[in-house]
Amino acid sequence: MTVERITLQRQLGLLHAVAVVVGGIIGSGIFSSPVGVLLRVRSLGLSLVIWALLGTVNIGGALCYAELGTTFKESAGGDYYYIKRGLGNIMAFFSLLVLFLIICCVANAASSMILSTYVLQPFFPHCEPPFVAVRLLSAGVITLLTAINCYNVKWAAKVQVVFTACKLLALGIIIVLGFVEMGRGRLENLHHPFEGSDYSAGSLALAFYSGTWAFGGWNYLNFLTEELKDPNKNLPRAIVISILVVTGVYLLANVAYMTVLSTDEMLESPAVAVTFAERTLGPAAFIMPLFVAASVFGAMNGGTLAISRVFFIGGEEGQLPQFFSMIHMKRLTPAPSLLIMCMVTLVMLTSGDIFYLLEMMGFGFATIFAMVLASMLYMRYKLPDIPRPIKMPIVLPIALFIWSLILLSLTVYEKPVDSGICLLIMIGSLPVYWICVCWKNKPKFLMRKIDATNRFLQKLLLVVPRDKKSEDME
């Protein structure tokens, strides 16, 4: 028989790449409650300045990731792989734990509940949707996303393109309606845009903190470099195009909101896009919750597509069970990683405190970003001669590292309890790291049980380790 090489394939083009990044960044925030920055600085003009500066900072961070992604383009591990190369195994294990428990599964569980609430709300106009109905629909959404990503990478990428187009269409409607209102002379909210601005250092810092997370997700593409066509060209192009698109859309959407709604109305609205639609679309306002649901679905799909590759690489590197590192023989997707993510996320749906856990994500994001930049700077010093198809001026990662430390400190100051829990999880994982990773000479009976379990799961799910020949399963 013909022996086929079982590995991930380069199937994602530039359009797919842009869709993954834009779809990963734009979630529910810009539709439901884009008030964090405005709440701190108190004016439209200064708010727009903050959004523009955030876009500039994130382009710098994305370019640093482009350097890392093209330098280590054969690895799909993204943040985890860069941290492991620069800072070593323990810090890499910590990053896996943060990505798995604090960022990935918690975010997907919470996002699915947001999606379900928006979809079900029209059926329960005078009360909140029932707890059970929200959880059941959320479970269905998570299962559907997992099935799509397990079945075919191109399907997942096409889903991302479609839902990215939907959310851009929704934002386009908001922007056009805003400009229509401006054309009708509705400009009273735009007069004196900097009036009442709060220029204090604390308010500006908190405004940056609030807005930073609206750009989260631009690093997803680095998890997929092994499946990206011509990564030396497409990775930096996709990242820069995506950040510019998102920054422009955020700026225009904020202008549109402020054209129709006053500052106080925006700050009091639990869902700005819905309030905006009620004021401008009348009976057709019902479409906005559907667009929000589509936006969240696209963001979840981008995260699922990208972060599952981190756990796949973690399994290959021996820092997660070997089962994580296997690929479906026919579909060539990391099905085990996706299935485990799905099961853990479904368990998290039963938690009534899921949104409290979601608050810890700020600390998790800041931690990962700081670790990646520290690793990048160390590798510039320790490995100066490795080929770097894209090489940023050293001042850029240094400035961003200092910025990330400030942001991390601010996170600890703003959320001391949540940050403390995150730190305790990382410190508490040290015994697990020693038993599962460092302890090489495990008893033979235990190794036999582990091997038997792996073989059973391989046969059950038709999965094999990367580069293993399909004939070995016969």
# chains A, B, ... in the order shown; residues from 1 in each chain; ligands from 1
>>> residues_around(residues="region 372-388 of chain A", least_positions_apart="5", cutoff="7 Å", atoms="only C-alpha atoms", output="PyMOL selection string")
chain A and resi 67+70-71+79+82-83+86-87+397+401
>>> closest_residue(among="A:Thr280, A:Ser203, A:Asn232, A:Ser429", to="Val37 (chain A)", atoms="only C-alpha atoms")
A:Ser203
>>> atom_distance(atom1="CA of Gly27 (chain A)", atom2="CA of Phe312 (chain A)")
24.8 Å
>>> select_by_dssp(residues="region 416-464 of chain A", states="helix (DSSP H, G or I)", output="ChimeraX atom specification")
/A:416-428,430-438,444-461
>>> write_last_selection(atoms="N, CA, C and O atoms", output="short mmCIF file (atom, residue, chain, number, x, y, z; two decimals), in the first residue's frame")
data_model
loop_
_atom_site.label_atom_id
_atom_site.label_comp_id
_atom_site.auth_asym_id
_atom_site.auth_seq_id
_atom_site.Cartn_x
_atom_site.Cartn_y
_atom_site.Cartn_z
N PRO A 416 -6.43 42.36 42.24
CA PRO A 416 -5.47 41.61 43.07
C PRO A 416 -5.93 40.20 43.39
O PRO A 416 -5.10 39.28 43.43
N VAL A 417 -7.22 39.99 43.62
CA VAL A 417 -7.71 38.66 43.96
C VAL A 417 -7.60 37.73 42.76
O VAL A 417 -7.08 36.60 42.85
N ASP A 418 -8.09 38.20 41.60
CA ASP A 418 -8.03 37.37 40.39
C ASP A 418 -6.59 37.05 40.00
O ASP A 418 -6.26 35.92 39.63
N SER A 419 -5.72 38.06 40.08
CA SER A 419 -4.32 37.84 39.75
C SER A 419 -3.68 36.86 40.73
O SER A 419 -2.87 36.02 40.35
N GLY A 420 -4.05 36.99 42.01
CA GLY A 420 -3.52 36.08 43.02
C GLY A 420 -3.93 34.64 42.76
O GLY A 420 -3.12 33.72 42.91
N ILE A 421 -5.18 34.44 42.35
CA ILE A 421 -5.64 33.09 42.03
C ILE A 421 -4.86 32.52 40.86
O ILE A 421 -4.45 31.35 40.86
N CYS A 422 -4.64 33.36 39.85
CA CYS A 422 -3.86 32.92 38.69
C CYS A 422 -2.45 32.52 39.10
O CYS A 422 -1.93 31.48 38.66
N LEU A 423 -1.82 33.31 39.95
CA LEU A 423 -0.47 32.98 40.42
C LEU A 423 -0.47 31.69 41.23
O LEU A 423 0.44 30.87 41.12
N LEU A 424 -1.49 31.51 42.07
CA LEU A 424 -1.57 30.28 42.88
C LEU A 424 -1.73 29.04 42.00
O LEU A 424 -1.16 27.99 42.29
N ILE A 425 -2.51 29.17 40.91
CA ILE A 425 -2.66 28.05 39.98
C ILE A 425 -1.31 27.68 39.37
O ILE A 425 -0.95 26.50 39.27
N MET A 426 -0.54 28.70 38.98
CA MET A 426 0.77 28.45 38.37
C MET A 426 1.73 27.81 39.38
O MET A 426 2.39 26.82 39.08
N ILE A 427 1.78 28.36 40.60
CA ILE A 427 2.68 27.81 41.61
C ILE A 427 2.24 26.41 42.02
O ILE A 427 3.06 25.50 42.20
N GLY A 428 0.93 26.22 42.15
CA GLY A 428 0.41 24.91 42.55
C GLY A 428 0.62 23.83 41.51
O GLY A 428 0.49 22.63 41.83
N LEU A 430 3.45 23.17 40.11
CA LEU A 430 4.83 22.66 40.16
C LEU A 430 4.91 21.17 40.48
O LEU A 430 5.69 20.45 39.83
N PRO A 431 4.15 20.65 41.47
CA PRO A 431 4.19 19.20 41.69
C PRO A 431 3.74 18.40 40.48
O PRO A 431 4.29 17.33 40.18
N VAL A 432 2.72 18.92 39.78
CA VAL A 432 2.25 18.24 38.56
C VAL A 432 3.37 18.22 37.52
O VAL A 432 3.59 17.20 36.84
N TYR A 433 4.07 19.33 37.37
CA TYR A 433 5.18 19.40 36.42
C TYR A 433 6.26 18.39 36.77
O TYR A 433 6.78 17.70 35.90
N TRP A 434 6.56 18.27 38.05
CA TRP A 434 7.63 17.34 38.46
C TRP A 434 7.21 15.90 38.20
O TRP A 434 7.99 15.10 37.66
N ILE A 435 5.97 15.55 38.53
CA ILE A 435 5.50 14.16 38.37
C ILE A 435 5.36 13.80 36.90
O ILE A 435 5.79 12.73 36.45
N CYS A 436 4.74 14.69 36.12
CA CYS A 436 4.39 14.35 34.74
C CYS A 436 5.51 14.60 33.73
O CYS A 436 5.59 13.91 32.71
N VAL A 437 6.39 15.57 34.01
CA VAL A 437 7.40 15.95 33.04
C VAL A 437 8.80 15.56 33.48
O VAL A 437 9.56 14.95 32.72
N CYS A 438 9.15 15.90 34.70
CA CYS A 438 10.53 15.67 35.16
C CYS A 438 10.79 14.22 35.55
O CYS A 438 11.92 13.74 35.42
N LYS A 444 7.44 0.49 35.56
CA LYS A 444 7.06 -0.15 34.30
C LYS A 444 5.57 -0.42 34.21
O LYS A 444 4.97 -0.29 33.15
N PHE A 445 4.95 -0.82 35.35
CA PHE A 445 3.52 -1.11 35.30
C PHE A 445 2.72 0.14 34.94
O PHE A 445 1.70 0.07 34.22
N LEU A 446 3.18 1.31 35.42
CA LEU A 446 2.51 2.56 35.10
C LEU A 446 2.68 2.91 33.63
O LEU A 446 1.72 3.34 32.96
N MET A 447 3.88 2.71 33.09
CA MET A 447 4.12 2.98 31.68
C MET A 447 3.30 2.07 30.79
O MET A 447 2.81 2.50 29.74
N ARG A 448 3.14 0.79 31.22
CA ARG A 448 2.33 -0.14 30.43
C ARG A 448 0.86 0.33 30.39
O ARG A 448 0.20 0.25 29.35
N LYS A 449 0.37 0.82 31.53
CA LYS A 449 -1.00 1.32 31.56
C LYS A 449 -1.17 2.54 30.64
O LYS A 449 -2.16 2.66 29.92
N ILE A 450 -0.18 3.43 30.68
CA ILE A 450 -0.23 4.62 29.83
C ILE A 450 -0.20 4.24 28.36
O ILE A 450 -0.98 4.76 27.54
N ASP A 451 0.71 3.32 27.99
CA ASP A 451 0.80 2.88 26.60
C ASP A 451 -0.49 2.20 26.14
O ASP A 451 -0.95 2.41 25.01
N ALA A 452 -1.07 1.38 27.01
CA ALA A 452 -2.31 0.68 26.65
C ALA A 452 -3.44 1.68 26.44
O ALA A 452 -4.25 1.55 25.50
N THR A 453 -3.50 2.70 27.28
CA THR A 453 -4.52 3.73 27.13
C THR A 453 -4.35 4.49 25.82
O THR A 453 -5.33 4.74 25.10
N ASN A 454 -3.10 4.85 25.49
CA ASN A 454 -2.84 5.55 24.24
C ASN A 454 -3.25 4.71 23.03
O ASN A 454 -3.85 5.22 22.07
N ARG A 455 -2.93 3.42 23.05
CA ARG A 455 -3.29 2.56 21.92
C ARG A 455 -4.80 2.42 21.78
O ARG A 455 -5.34 2.44 20.66
N PHE A 456 -5.48 2.30 22.92
CA PHE A 456 -6.95 2.21 22.87
C PHE A 456 -7.56 3.46 22.26
O PHE A 456 -8.44 3.38 21.39
N LEU A 457 -7.08 4.62 22.69
CA LEU A 457 -7.60 5.88 22.17
C LEU A 457 -7.26 6.07 20.69
O LEU A 457 -8.06 6.60 19.92
N GLN A 458 -6.06 5.60 20.28
CA GLN A 458 -5.69 5.68 18.88
C GLN A 458 -6.65 4.88 18.01
O GLN A 458 -7.11 5.34 16.95
N LYS A 459 -6.98 3.68 18.44
CA LYS A 459 -7.88 2.83 17.66
C LYS A 459 -9.30 3.37 17.69
O LYS A 459 -10.04 3.29 16.69
N LEU A 460 -9.70 3.92 18.82
CA LEU A 460 -11.05 4.43 18.95
C LEU A 460 -11.29 5.63 18.05
O LEU A 460 -12.34 5.75 17.40
N LEU A 461 -10.29 6.53 17.98
CA LEU A 461 -10.46 7.79 17.27
C LEU A 461 -9.71 7.86 15.94
O LEU A 461 -9.76 8.88 15.25
#
>>> atom_distance(atom1="CA of Pro130 (chain A)", atom2="CA of Thr146 (chain A)")
24.6 Å
